[in-house]
file start_9.csv (CSV, C-alpha atoms)
chain,number,residue,atom,x,y,z
A,1,MET,CA,6.5,-7.8,24.5
A,2,LYS,CA,5.6,-10.9,22.5
A,3,LYS,CA,7.7,-11.2,19.3
A,4,LEU,CA,5.7,-11.5,16.1
A,5,TRP,CA,7.4,-13.6,13.5
A,6,ILE,CA,6.4,-13.0,9.9
A,7,VAL,CA,6.7,-16.2,8.0
A,8,GLY,CA,5.7,-17.9,4.8
A,9,ALA,CA,3.3,-15.8,2.8
A,10,ALA,CA,3.9,-12.7,4.9
A,11,LEU,CA,7.4,-12.5,3.6
A,12,VAL,CA,6.7,-13.1,-0.1
A,13,ALA,CA,7.6,-9.5,-0.8
A,14,ALA,CA,10.9,-9.6,0.9
A,15,SER,CA,13.2,-10.4,-2.1
A,16,SER,CA,16.9,-10.4,-1.4
A,17,ALA,CA,17.6,-9.1,-4.9
A,18,TYR,CA,17.2,-5.4,-5.7
A,19,ALA,CA,15.7,-6.3,-9.1
A,20,ALA,CA,12.6,-7.5,-7.2
A,21,THR,CA,12.0,-4.1,-5.8
A,22,ASN,CA,10.8,-2.8,-9.1
A,23,VAL,CA,7.9,-3.6,-11.4
A,24,ALA,CA,10.0,-5.8,-13.7
A,25,GLY,CA,10.9,-8.2,-10.8
A,26,VAL,CA,7.3,-8.3,-9.5
A,27,THR,CA,5.7,-9.4,-12.7
A,28,GLN,CA,6.4,-13.2,-12.3
A,29,THR,CA,0.6,-11.6,4.0
A,30,ALA,CA,-11.1,-7.2,15.3
A,31,ALA,CA,-14.7,-6.8,15.4
A,32,ASN,CA,-14.4,-3.3,17.0
A,33,LEU,CA,-12.8,-2.0,13.9
A,34,ILE,CA,-15.7,-3.0,11.6
A,35,THR,CA,-18.0,-0.4,10.2
A,36,VAL,CA,-19.9,-1.3,7.0
A,37,VAL,CA,-20.6,1.9,5.6
A,38,ALA,CA,-15.8,1.9,-6.9
A,39,ALA,CA,-12.0,3.9,-8.9
A,40,PRO,CA,-10.9,5.2,-12.4
A,41,ALA,CA,-7.3,6.5,-12.8
A,42,THR,CA,-3.9,6.6,-16.0
A,43,PRO,CA,-0.6,4.9,-16.8
A,44,ALA,CA,2.3,5.6,-14.4
A,45,ALA,CA,5.0,6.1,-16.9
A,46,VAL,CA,3.3,9.0,-18.7
A,47,PRO,CA,5.3,12.3,-18.0
A,48,ALA,CA,3.4,14.3,-15.4
A,49,LYS,CA,1.8,17.5,-16.5
A,50,VAL,CA,2.7,20.2,-14.1
A,51,LEU,CA,-0.4,22.0,-12.9
A,52,THR,CA,-0.2,25.6,-12.0
A,53,PRO,CA,-2.6,27.9,-10.1
A,54,ALA,CA,-3.7,29.2,-13.5
A,55,ASN,CA,-4.8,25.9,-15.0
A,56,SER,CA,-5.5,23.6,-12.1
A,57,PRO,CA,-8.3,22.8,-9.7
A,58,VAL,CA,-7.3,22.8,-6.0
A,59,ASP,CA,-6.3,19.5,-4.4
A,60,ALA,CA,-7.9,17.9,-1.4
A,61,GLU,CA,-6.1,20.3,1.0
A,62,GLY,CA,-7.2,23.4,-0.9
A,63,TYR,CA,-3.9,24.1,-2.6
A,64,PRO,CA,-3.4,24.2,-6.4
A,65,TRP,CA,-1.5,21.1,-7.5
A,66,GLY,CA,2.2,21.7,-7.4
A,67,ALA,CA,1.9,25.1,-5.8
A,68,GLY,CA,1.5,26.8,-2.4
A,69,ARG,CA,3.1,24.2,-0.1
A,70,LYS,CA,6.1,24.4,2.0
A,71,THR,CA,9.1,22.8,0.4
A,72,GLY,CA,10.9,19.7,1.7
A,73,PRO,CA,14.5,18.4,1.2
A,74,LEU,CA,16.2,19.6,-2.0
A,75,GLY,CA,13.4,22.2,-2.4
A,76,LEU,CA,10.9,19.5,-3.2
A,77,ILE,CA,7.2,19.9,-2.5
A,78,GLN,CA,5.4,18.6,0.5
A,79,GLN,CA,2.5,19.5,2.9
A,80,PRO,CA,3.1,21.7,5.9
A,81,VAL,CA,3.7,19.9,9.2
A,82,VAL,CA,0.7,18.7,11.1
A,83,GLU,CA,1.7,18.0,14.7
A,84,THR,CA,0.8,14.7,16.3
A,85,ASN,CA,-2.1,15.4,18.7
A,86,PHE,CA,-1.4,12.7,21.2
A,87,LYS,CA,1.6,11.5,23.3
A,88,ALA,CA,3.7,9.6,20.8
A,89,ASP,CA,6.1,8.2,23.3
A,90,ASP,CA,3.3,6.0,24.8
A,91,LEU,CA,3.1,4.1,21.5
A,92,LEU,CA,6.9,3.4,21.2
A,93,VAL,CA,8.3,0.4,23.1
A,94,PRO,CA,11.8,-1.2,23.4
A,95,ALA,CA,12.3,-3.3,20.2
A,96,TRP,CA,11.3,-6.9,20.9
A,97,GLY,CA,11.3,-6.1,24.6
A,98,THR,CA,15.1,-5.6,24.8
A,99,GLY,CA,15.9,-2.6,22.6
A,100,ALA,CA,17.8,-4.8,20.2
A,101,ILE,CA,19.0,-3.3,16.9
A,102,PRO,CA,18.1,-5.4,13.8
A,103,GLN,CA,20.7,-7.0,11.6
A,104,SER,CA,22.1,-5.5,8.4
A,105,GLY,CA,20.1,-6.3,5.3
A,106,ALA,CA,23.3,-7.0,3.3
A,107,PRO,CA,24.0,-8.5,0.8
A,108,ASP,CA,20.7,-6.9,-0.2
A,109,VAL,CA,21.2,-3.3,-1.4
A,110,VAL,CA,17.9,-1.9,0.0
A,111,GLY,CA,16.9,-1.1,3.6
A,112,ALA,CA,13.7,-2.7,4.7
A,113,PHE,CA,10.9,-1.6,7.1
A,114,ARG,CA,8.0,-4.1,7.6
A,115,PHE,CA,4.9,-4.4,9.6
A,116,ILE,CA,1.5,-6.1,9.7
A,117,CYS,CA,-2.0,-4.5,9.4
A,118,MET,CA,-5.3,-5.9,10.5
A,119,PRO,CA,-8.3,-5.3,8.1
A,120,GLY,CA,-10.5,-2.2,8.8
A,121,HIS,CA,-13.8,-1.1,7.5
A,122,VAL,CA,-15.4,-1.5,4.1
A,123,ALA,CA,-17.0,1.4,2.3
A,124,LYS,CA,-17.9,2.7,-1.2
A,125,ASP,CA,-15.6,5.7,-0.7
A,126,ASP,CA,-12.4,6.8,-2.4
A,127,PRO,CA,-10.9,10.0,-1.0
A,128,ILE,CA,-8.4,10.2,-3.9
A,129,VAL,CA,-10.5,9.5,-7.0
A,130,PHE,CA,-14.0,10.4,-5.7
A,131,LYS,CA,-13.0,12.9,-3.0
A,132,ASN,CA,-16.0,14.5,-1.2
A,133,GLN,CA,-18.4,12.0,-3.0
A,134,PRO,CA,-19.4,9.4,-0.4
A,135,GLY,CA,-20.8,6.1,-1.9
A,136,LYS,CA,-19.6,7.0,-5.4
A,137,SER,CA,-16.8,4.4,-5.8
A,138,HIS,CA,-16.8,0.6,-6.0
A,139,LEU,CA,-16.5,-1.1,-2.6
A,140,HIS,CA,-13.1,-0.8,-0.9
A,141,GLN,CA,-11.4,-2.7,1.9
A,142,PHE,CA,-9.6,-0.1,4.1
A,143,PHE,CA,-6.8,-0.6,6.5
A,144,GLY,CA,-4.5,1.8,8.3
A,145,ASN,CA,-6.4,4.8,9.5
A,146,THR,CA,-9.8,3.9,11.0
A,147,ALA,CA,-11.4,7.3,10.3
A,148,VAL,CA,-10.8,7.4,6.5
A,149,ASN,CA,-13.8,8.3,4.4
A,150,ALA,CA,-14.6,10.1,1.2
A,151,PHE,CA,-13.7,13.5,2.8
A,152,SER,CA,-10.3,12.5,4.1
A,153,THR,CA,-7.2,14.6,3.4
A,154,TYR,CA,-3.6,14.5,4.7
A,155,GLY,CA,-4.6,17.0,7.3
A,156,SER,CA,-7.7,15.2,8.5
A,157,LEU,CA,-5.8,11.8,8.6
A,158,ARG,CA,-3.1,13.3,10.7
A,159,LYS,CA,-5.6,14.7,13.2
A,160,SER,CA,-8.0,11.8,13.6
A,161,GLY,CA,-8.4,8.0,13.7
A,162,ASP,CA,-6.7,5.1,15.2
A,163,SER,CA,-4.8,2.6,12.9
A,164,THR,CA,-5.1,-1.1,12.1
A,165,CYS,CA,-1.3,-1.1,11.4
A,166,ASN,CA,0.4,-1.4,14.8
A,167,ASN,CA,-0.8,1.9,16.1
A,168,ARG,CA,-1.9,5.5,15.2
A,169,LEU,CA,1.7,6.7,14.8
A,170,ASN,CA,1.0,5.4,11.3
A,171,ARG,CA,-2.3,7.2,10.4
A,172,SER,CA,-1.7,6.6,6.7
A,173,ALA,CA,-4.7,5.3,4.7
A,174,TYR,CA,-4.4,2.2,2.5
A,175,TRP,CA,-7.3,0.7,0.5
A,176,ILE,CA,-7.9,-2.0,-2.1
A,177,PRO,CA,-11.0,-3.4,-3.9
A,178,ALA,CA,-13.1,-5.5,-1.5
A,179,MET,CA,-13.1,-9.2,-2.1
A,180,LEU,CA,-16.7,-10.6,-2.6
A,181,ASN,CA,-17.7,-14.3,-2.2
A,182,GLY,CA,-20.6,-14.4,-4.7
A,183,LYS,CA,-23.1,-14.9,-2.0
A,184,GLY,CA,-23.6,-11.3,-0.7
A,185,LYS,CA,-20.7,-11.2,1.6
A,186,VAL,CA,-17.3,-9.4,1.8
A,187,VAL,CA,-14.4,-11.6,2.5
A,188,ARG,CA,-12.0,-9.6,4.7
A,189,PRO,CA,-8.3,-10.4,4.6
A,190,ASP,CA,-6.8,-12.0,7.7
A,191,TYR,CA,-3.9,-9.6,7.6
A,192,VAL,CA,-2.1,-7.2,5.3
A,193,SER,CA,1.7,-7.1,5.1
A,194,ILE,CA,3.4,-3.8,4.3
A,195,TYR,CA,7.1,-3.7,3.3
A,196,TYR,CA,8.8,-0.3,2.7
A,197,LYS,CA,12.2,-0.4,1.0
A,198,ARG,CA,14.6,1.9,-0.8
A,199,LEU,CA,18.3,2.3,-1.4
A,200,PRO,CA,20.2,4.1,1.4
A,201,ASP,CA,20.5,7.8,0.5
A,202,SER,CA,24.3,7.4,0.6
A,203,SER,CA,24.3,4.7,-2.1
A,204,PRO,CA,26.0,5.8,-5.4
A,205,ALA,CA,23.1,4.0,-7.2
A,206,CYS,CA,20.8,6.8,-6.1
A,207,ARG,CA,22.6,9.1,-8.5
A,208,ILE,CA,22.5,6.5,-11.2
A,209,GLU,CA,18.9,5.5,-10.9
A,210,GLY,CA,17.8,9.1,-10.5
A,211,LYS,CA,18.9,12.4,-9.0
A,212,ALA,CA,18.6,11.4,-5.3
A,213,CYS,CA,17.0,9.1,-2.8
A,214,VAL,CA,14.6,11.1,-0.7
A,215,GLU,CA,12.3,10.7,2.3
A,216,MET,CA,8.6,10.2,1.7
A,217,PRO,CA,7.1,13.7,1.3
A,218,ARG,CA,4.3,14.7,3.6
A,219,GLY,CA,0.9,14.4,1.9
A,220,LEU,CA,2.0,12.2,-1.1
A,221,ARG,CA,-0.9,10.1,-2.5
A,222,PHE,CA,-1.4,7.9,-5.5
A,223,VAL,CA,-3.2,5.0,-7.1
A,224,PHE,CA,-1.4,2.0,-8.6
A,225,GLY,CA,-2.1,-1.3,-10.3
A,226,TYR,CA,-5.0,-1.9,-12.8
A,227,ASN,CA,-6.2,1.3,-14.3
A,228,MET,CA,-10.0,1.4,-14.2
A,229,GLY,CA,-10.1,4.3,-16.7
A,230,THR,CA,-8.0,2.7,-19.4
A,231,GLY,CA,-8.5,-1.0,-18.8
A,232,LYS,CA,-4.7,-1.5,-18.7
A,233,SER,CA,-2.5,-2.9,-15.9
A,234,GLU,CA,0.9,-1.9,-14.8
A,235,ASN,CA,1.7,-5.6,-14.3
A,236,ASN,CA,2.9,-4.9,-10.8
A,237,PHE,CA,0.8,-7.4,-8.9
A,238,TYR,CA,0.3,-11.2,-8.7
A,239,PHE,CA,-1.6,-13.7,-6.7
A,240,ASN,CA,-0.1,-16.4,-4.5
A,241,CYS,CA,-1.0,-19.3,-2.2
A,242,ASP,CA,0.4,-20.2,1.3
A,243,GLY,CA,-0.5,-23.1,3.5
A,244,PRO,CA,-0.1,-26.8,4.2
A,245,THR,CA,-1.4,-27.9,0.8
A,246,ALA,CA,-0.5,-24.8,-1.2
A,247,THR,CA,1.4,-24.5,-4.4
A,248,PRO,CA,3.2,-21.2,-4.0
A,249,GLY,CA,3.9,-19.1,-7.1
A,250,HIS,CA,3.2,-15.9,-9.0
A,251,TYR,CA,-0.3,-16.3,-10.6
A,252,PRO,CA,-1.9,-13.6,-12.9
A,253,ASP,CA,-5.4,-13.7,-11.4
A,254,LEU,CA,-7.6,-15.2,-8.8
A,255,VAL,CA,-8.9,-18.0,-11.0
A,256,THR,CA,-5.4,-19.4,-11.7
A,257,ALA,CA,-4.3,-19.1,-8.1
A,258,ALA,CA,-7.4,-20.7,-6.7
A,259,LYS,CA,-6.7,-23.9,-8.7
A,260,VAL,CA,-3.6,-24.5,-6.5
A,261,CYS,CA,-5.0,-23.1,-3.3
A,262,PRO,CA,-7.4,-25.6,-1.6
A,263,VAL,CA,-9.7,-24.9,1.4
A,264,GLY,CA,-7.6,-24.4,4.5
A,265,ASN,CA,-4.8,-22.4,2.9
A,266,ARG,CA,-4.5,-18.6,2.4
A,267,ILE,CA,-4.7,-16.9,-1.0
A,268,GLY,CA,-2.9,-13.7,-1.3
A,269,VAL,CA,-2.5,-10.8,-3.7
A,270,VAL,CA,0.8,-8.8,-3.7
A,271,ILE,CA,1.3,-5.5,-5.3
A,272,GLN,CA,4.3,-3.2,-5.8
A,273,ALA,CA,3.9,0.6,-5.5
A,274,PRO,CA,5.9,3.0,-7.8
A,275,SER,CA,9.2,4.5,-6.4
A,276,CYS,CA,10.0,7.3,-8.9
A,277,TRP,CA,8.5,10.7,-8.1
A,278,ASP,CA,8.5,13.9,-10.1
A,279,GLY,CA,9.3,16.0,-7.0
A,280,ARG,CA,6.8,18.7,-8.0
A,281,GLN,CA,3.3,17.2,-7.3
A,282,LEU,CA,1.8,15.3,-4.4
A,283,ASP,CA,-1.1,14.3,-6.6
A,284,SER,CA,-2.0,14.7,-10.3
A,285,THR,CA,-5.2,14.7,-12.3
A,286,SER,CA,-4.8,11.0,-13.1
A,287,HIS,CA,-3.6,10.3,-9.5
A,288,ARG,CA,-0.8,8.3,-11.2
A,289,SER,CA,1.3,10.5,-13.5
A,290,HIS,CA,3.3,12.2,-10.8
A,291,MET,CA,4.7,8.7,-10.0
A,292,ALA,CA,6.5,6.1,-12.2
A,293,PHE,CA,8.3,2.8,-12.0
A,294,PRO,CA,12.0,2.4,-12.8
A,295,SER,CA,13.0,0.2,-15.7
A,296,TYR,CA,16.1,-1.3,-17.2
A,297,GLY,CA,17.6,0.4,-20.3
A,298,TRP,CA,19.6,-1.0,-23.1
A,299,ASP,CA,22.7,-0.8,-20.9
A,300,GLY,CA,21.0,-3.1,-18.2
A,301,ILE,CA,21.0,-0.3,-15.6
A,302,LEU,CA,17.9,0.4,-13.6
A,303,LYS,CA,16.7,4.0,-13.9
A,304,CYS,CA,13.8,6.2,-13.2
A,305,PRO,CA,12.3,8.3,-16.1
A,306,THR,CA,14.1,11.6,-16.4
A,307,THR,CA,10.7,13.2,-15.6
A,308,HIS,CA,10.5,11.4,-12.3
A,309,PRO,CA,14.1,11.5,-10.9
A,310,TYR,CA,13.5,11.3,-7.1
A,311,ILE,CA,13.4,7.9,-5.5
A,312,VAL,CA,11.1,7.6,-2.5
A,313,PRO,CA,10.6,4.5,-0.3
A,314,THR,CA,8.3,2.3,-2.3
A,315,PHE,CA,6.2,-0.4,-0.6
A,316,THR,CA,4.9,-3.8,-1.3
A,317,LEU,CA,1.5,-4.6,-0.1
A,318,GLY,CA,0.2,-8.2,0.4
A,319,ALA,CA,-3.4,-9.0,1.4
A,320,TRP,CA,-4.0,-12.6,2.6
A,321,TYR,CA,-7.4,-14.4,2.8
A,322,THR,CA,-8.5,-17.7,4.3
A,323,VAL,CA,-9.8,-19.9,1.5
A,324,ASP,CA,-13.3,-21.4,2.0
A,325,GLU,CA,-15.8,-23.4,-0.1
A,326,ASP,CA,-17.2,-20.3,-1.8
A,327,LEU,CA,-13.9,-19.9,-3.8
A,328,ASP,CA,-14.2,-22.0,-6.9
A,329,THR,CA,-10.9,-23.9,-7.2
A,330,SER,CA,-11.6,-25.6,-10.6
A,331,GLY,CA,-9.4,-23.2,-12.6
A,332,ASP,CA,-12.3,-22.6,-15.0
A,333,TRP,CA,-14.3,-19.4,-15.1
A,334,SER,CA,-17.3,-18.0,-17.0
A,335,GLU,CA,-19.3,-14.9,-16.4
A,336,GLY,CA,-22.0,-15.4,-13.8
A,337,LYS,CA,-20.2,-18.3,-12.1
A,338,SER,CA,-20.4,-18.1,-8.3
A,339,THR,CA,-17.0,-17.6,-6.9
A,340,TRP,CA,-14.8,-14.9,-5.3
A,341,THR,CA,-14.3,-11.7,-7.3
A,342,LEU,CA,-13.0,-8.2,-6.6
A,343,ALA,CA,-15.6,-5.4,-6.3
A,344,SER,CA,-13.8,-3.8,-9.3
A,345,ASP,CA,-14.1,-6.9,-11.5
A,346,SER,CA,-17.8,-6.1,-12.4
A,347,MET,CA,-18.9,-2.5,-12.7
A,348,PRO,CA,-21.9,-0.8,-14.3
A,349,GLY,CA,-21.1,0.0,-17.9
A,350,MET,CA,-18.0,-2.2,-17.9
A,351,THR,CA,-17.4,-5.6,-19.3
A,352,THR,CA,-17.1,-8.2,-16.5
A,353,GLN,CA,-13.4,-9.0,-16.0
A,354,ARG,CA,-11.8,-12.3,-15.1
A,355,PRO,CA,-11.7,-12.4,-11.3
A,356,GLY,CA,-8.7,-10.6,-9.8
A,357,THR,CA,-7.4,-9.0,-13.0
A,358,THR,CA,-8.6,-5.5,-11.9
A,359,PHE,CA,-6.6,-5.4,-8.6
A,360,HIS,CA,-5.2,-2.0,-7.7
A,361,ALA,CA,-4.4,0.0,-4.5
A,362,ASP,CA,-4.6,3.5,-3.2
A,363,TRP,CA,-2.5,5.2,-0.5
A,364,ILE,CA,-2.4,8.5,1.3
A,365,GLY,CA,0.7,8.9,3.5
A,366,ALA,CA,0.0,10.3,7.0
A,367,TRP,CA,2.9,9.2,9.2
A,368,ASP,CA,4.0,10.9,12.4
A,369,ASP,CA,7.0,12.9,11.2
A,370,LYS,CA,9.4,11.7,13.9
A,371,VAL,CA,8.5,8.1,13.3
A,372,LEU,CA,8.8,8.5,9.6
A,373,ALA,CA,12.3,10.0,10.1
A,374,MET,CA,13.2,7.1,12.4
A,375,TRP,CA,12.5,4.2,10.1
A,376,THR,CA,13.9,6.2,7.1
A,377,GLU,CA,17.2,7.1,8.8
A,378,ASN,CA,17.7,3.7,10.5
A,379,CYS,CA,16.0,0.9,8.6
A,380,ILE,CA,16.4,2.4,5.1
A,381,ASN,CA,19.6,4.6,5.2
A,382,LYS,CA,21.5,2.2,7.5
A,383,LEU,CA,20.5,-0.8,5.3
A,384,LEU,CA,18.9,-2.6,8.2
A,385,ASN,CA,16.4,-5.5,8.0
A,386,CYS,CA,13.5,-4.2,10.2
A,387,SER,CA,10.3,-6.2,10.7
A,388,GLY,CA,7.3,-6.0,13.0
A,389,GLY,CA,7.4,-2.2,13.2
A,390,ASP,CA,11.0,-2.2,14.4
A,391,LEU,CA,12.3,1.3,13.8
A,392,GLY,CA,16.0,0.3,13.7
A,393,ASN,CA,17.0,2.5,16.7
A,394,GLY,CA,16.1,0.2,19.6
A,395,LEU,CA,12.4,1.3,19.5
A,396,GLN,CA,9.4,-0.4,18.0
A,397,LEU,CA,5.9,0.6,17.1
A,398,LYS,CA,3.7,-0.9,19.9
A,399,MET,CA,1.4,-3.5,18.5
A,400,ARG,CA,-2.4,-3.3,19.1
A,401,ASP,CA,-3.6,-5.2,22.1
A,402,ASP,CA,-6.3,-6.8,20.0
A,403,PHE,CA,-4.0,-8.0,17.2
A,404,THR,CA,-4.9,-11.3,15.6
A,405,TRP,CA,-3.7,-13.2,12.5
A,406,ASN,CA,-7.3,-14.1,11.6
A,407,ALA,CA,-10.0,-11.6,10.5
A,408,THR,CA,-12.7,-11.3,13.1
A,409,PRO,CA,-15.3,-11.3,11.6
A,410,ARG,CA,-14.1,-12.8,8.4
A,411,LEU,CA,-17.3,-12.2,6.4
A,412,VAL,CA,-19.4,-9.1,6.5
A,413,ASP,CA,-22.4,-8.0,4.5
A,414,ILE,CA,-22.0,-6.0,1.3
A,415,PRO,CA,-23.3,-2.5,2.2
A,416,LYS,CA,-26.3,-1.1,0.2
call {"tool": "encode", "arguments": {"input": "start_9.csv", "output": "structure tokens"}}
result
Amino acid sequence: MKKLWIVGAALVAASSAYAATNVAGVTQTAANLITVVAAPATPAAVPAKVLTPANSPVDAEGYPWGAGRKTGPLGLIQQPVVETNFKADDLLVPAWGTGAIPQSGAPDVVGAFRFICMPGHVAKDDPIVFKNQPGKSHLHQFFGNTAVNAFSTYGSLRKSGDSTCNNRLNRSAYWIPAMLNGKGKVVRPDYVSIYYKRLPDSSPACRIEGKACVEMPRGLRFVFGYNMGTGKSENNFYFNCDGPTATPGHYPDLVTAAKVCPVGNRIGVVIQAPSCWDGRQLDSTSHRSHMAFPSYGWDGILKCPTTHPYIVPTFTLGAWYTVDEDLDTSGDWSEGKSTWTLASDSMPGMTTQRPGTTFHADWIGAWDDKVLAMWTENCINKLLNCSGGDLGNGLQLKMRDDFTWNATPRLVDIPK
């Protein structure tokens, strides 16, 4: 198996300091997969309202929020098991062709599990915010599960679709606002890097930061980043530039980053997901309030809110785009100027926002249970430094045969 090295921009998320795994540290990387076919949400740190069968609508799986599901570790809520409907062993290979075990992540204090995704389809769907309402949202760039649409649920994702992330053992769905070039085209990212991390569950810090470090619960889903409903940001993303003439850094928006990212480089946007979970809900009416970010208190200790005491593997997502002449690199911007923008930057009934400031991401977890357990128990709990889909036990997620570091095609039409 050919070894894939993740270098430069693809590793921007891989901080060696634990402080960089939370929002405070973040504030400063196949034509047959293409189908051309926007997302309000609320602040993460607001204590979650527990919804009961008496006062809540049903969720996407038909259960009332916070009720009716099988319980997971520590009696925490999660969806029932949905068995993998294909032969999983065929998609696991000896790590790096030899069965090698990755090195320890020490002196870092978090275990790491990384992999690369190719871009998938674009669609005006959002199965979290506008579930069962196709075409209702702003345009999204999807990756991960290839079958995701407005009707997708944890159950449907587990039963259908391939994956643009290594292979379909990870049928999770990830999506972000589509990047538009101002000339009627969508700019697809060359690749998307995903970096899961968490303290090992044996770390004493788990009982200081919260109650416990736990495995990702089946069926968890949430939205994070800029809040389209409130116009506020969680300040958990930044733009960057990587390449031969790039000036790397943490830039607040697309306009600022473009000024130091000439044609021939890649511009990237990197976002951090929340890590504190309330343990009672897999979703919430805001699609955010069941999750929260840890923060440093007066004593300088990182802690989750008391309302969200369970620490799940958080992930950093980085989408990387090849810069062309359609991206204005002057560093100046005014409304109506032709340049790259996010589909969420300009919405009906909304004031047009400075390009890039409305960045956010959505996620529905739909991992094969055994594979999820592998990377959690090995990469995370054994404090290993796993990359390229290495599961930390001598096995690795087989990479797609059509994998490429460059989007093919890179530009597609904006769907009507």
call {"tool": "residues_around", "arguments": {"input": "start_9.csv", "residues": "His360 of chain A", "least_positions_apart": "2", "cutoff": "9 Å", "atoms": "all atoms listed in the file", "output": "list of chain:residue names"}}
result
A:Trp175, A:Ile176, A:Pro177, A:Val223, A:Phe224, A:Gly225, A:Tyr226, A:Asn227, A:Met228, A:Ser233, A:Phe237, A:Ile271, A:Ser344, A:Thr358, A:Asp362
call {"tool": "closest_atom_pairs", "arguments": {"input": "start_9.csv", "of": "segment 336-378 of chain A", "to": "segment 383-400 of chain A", "cutoff": "9 Å", "atoms": "only C-alpha atoms", "output": "JSON lines"}}
result
{"residue": "A:Val371", "atom": "CA", "partner": "A:Leu391", "partner_atom": "CA", "distance": 7.8}
{"residue": "A:Met374", "atom": "CA", "partner": "A:Leu391", "partner_atom": "CA", "distance": 6.0}
{"residue": "A:Trp375", "atom": "CA", "partner": "A:Leu391", "partner_atom": "CA", "distance": 4.7}
{"residue": "A:Thr376", "atom": "CA", "partner": "A:Leu391", "partner_atom": "CA", "distance": 8.5}
{"residue": "A:Glu377", "atom": "CA", "partner": "A:Gly392", "partner_atom": "CA", "distance": 8.5}
{"residue": "A:Asn378", "atom": "CA", "partner": "A:Gly392", "partner_atom": "CA", "distance": 5.0}
call {"tool": "closest_residue", "arguments": {"input": "start_9.csv", "among": "A:Ser203, A:Asn85, A:Thr322, A:Asn132", "to": "Cys241 of chain A", "atoms": "only C-alpha atoms"}}
result
A:Thr322
call {"tool": "residues_around", "arguments": {"input": "start_9.csv", "residues": "Asp242 of chain A", "least_positions_apart": "2", "cutoff": "8 Å", "atoms": "only C-alpha atoms", "output": "list in words"}}
result
Gly8, Ala9, Asn240, Pro244, Thr245, Ala246, Thr247, Pro248, Cys261, Asn265, Arg266, Ile267 and Gly268 of chain A
call {"tool": "write_last_selection", "arguments": {"input": "start_9.csv", "atoms": "C-alpha atoms", "output": "tab-separated table (two decimals), keeping the file's coordinate frame"}}
result
chain	number	residue	atom	x	y	z
A	8	GLY	CA	5.70	-17.90	4.80
A	9	ALA	CA	3.30	-15.80	2.80
A	240	ASN	CA	-0.10	-16.40	-4.50
A	244	PRO	CA	-0.10	-26.80	4.20
A	245	THR	CA	-1.40	-27.90	0.80
A	246	ALA	CA	-0.50	-24.80	-1.20
A	247	THR	CA	1.40	-24.50	-4.40
A	248	PRO	CA	3.20	-21.20	-4.00
A	261	CYS	CA	-5.00	-23.10	-3.30
A	265	ASN	CA	-4.80	-22.40	2.90
A	266	ARG	CA	-4.50	-18.60	2.40
A	267	ILE	CA	-4.70	-16.90	-1.00
A	268	GLY	CA	-2.90	-13.70	-1.30
call {"tool": "closest_residue", "arguments": {"input": "start_9.csv", "among": "A:Ser338, A:Ser295, A:Ser193, A:Thr84", "to": "Val270 of chain A", "atoms": "only C-alpha atoms"}}
result
A:Ser193
call {"tool": "atom_distance", "arguments": {"input": "start_9.csv", "atom1": "atom CA of Met118 of chain A", "atom2": "atom CA of Tyr196 of chain A"}}
result
17.1 Å
call {"tool": "closest_residue", "arguments": {"input": "start_9.csv", "among": "A:Ser202, A:Ser284, A:Gln141, A:Thr153", "to": "Asn381 of chain A", "atoms": "only C-alpha atoms"}}
result
A:Ser202
call {"tool": "residues_around", "arguments": {"input": "start_9.csv", "residues": "segment 149-151 of chain A", "least_positions_apart": "4", "cutoff": "6 Å", "atoms": "all atoms listed in the file", "output": "ChimeraX atom specification"}}
result
/A:125-127,131-134
call {"tool": "write_last_selection", "arguments": {"input": "start_9.csv", "atoms": "C-alpha atoms", "output": "JSON list (two decimals), keeping the file's coordinate frame"}}
result
[["chain", "number", "residue", "atom", "x", "y", "z"],
["A", 125, "ASP", "CA", -15.60, 5.70, -0.70],
["A", 126, "ASP", "CA", -12.40, 6.80, -2.40],
["A", 127, "PRO", "CA", -10.90, 10.00, -1.00],
["A", 131, "LYS", "CA", -13.00, 12.90, -3.00],
["A", 132, "ASN", "CA", -16.00, 14.50, -1.20],
["A", 133, "GLN", "CA", -18.40, 12.00, -3.00],
["A", 134, "PRO", "CA", -19.40, 9.40, -0.40]]
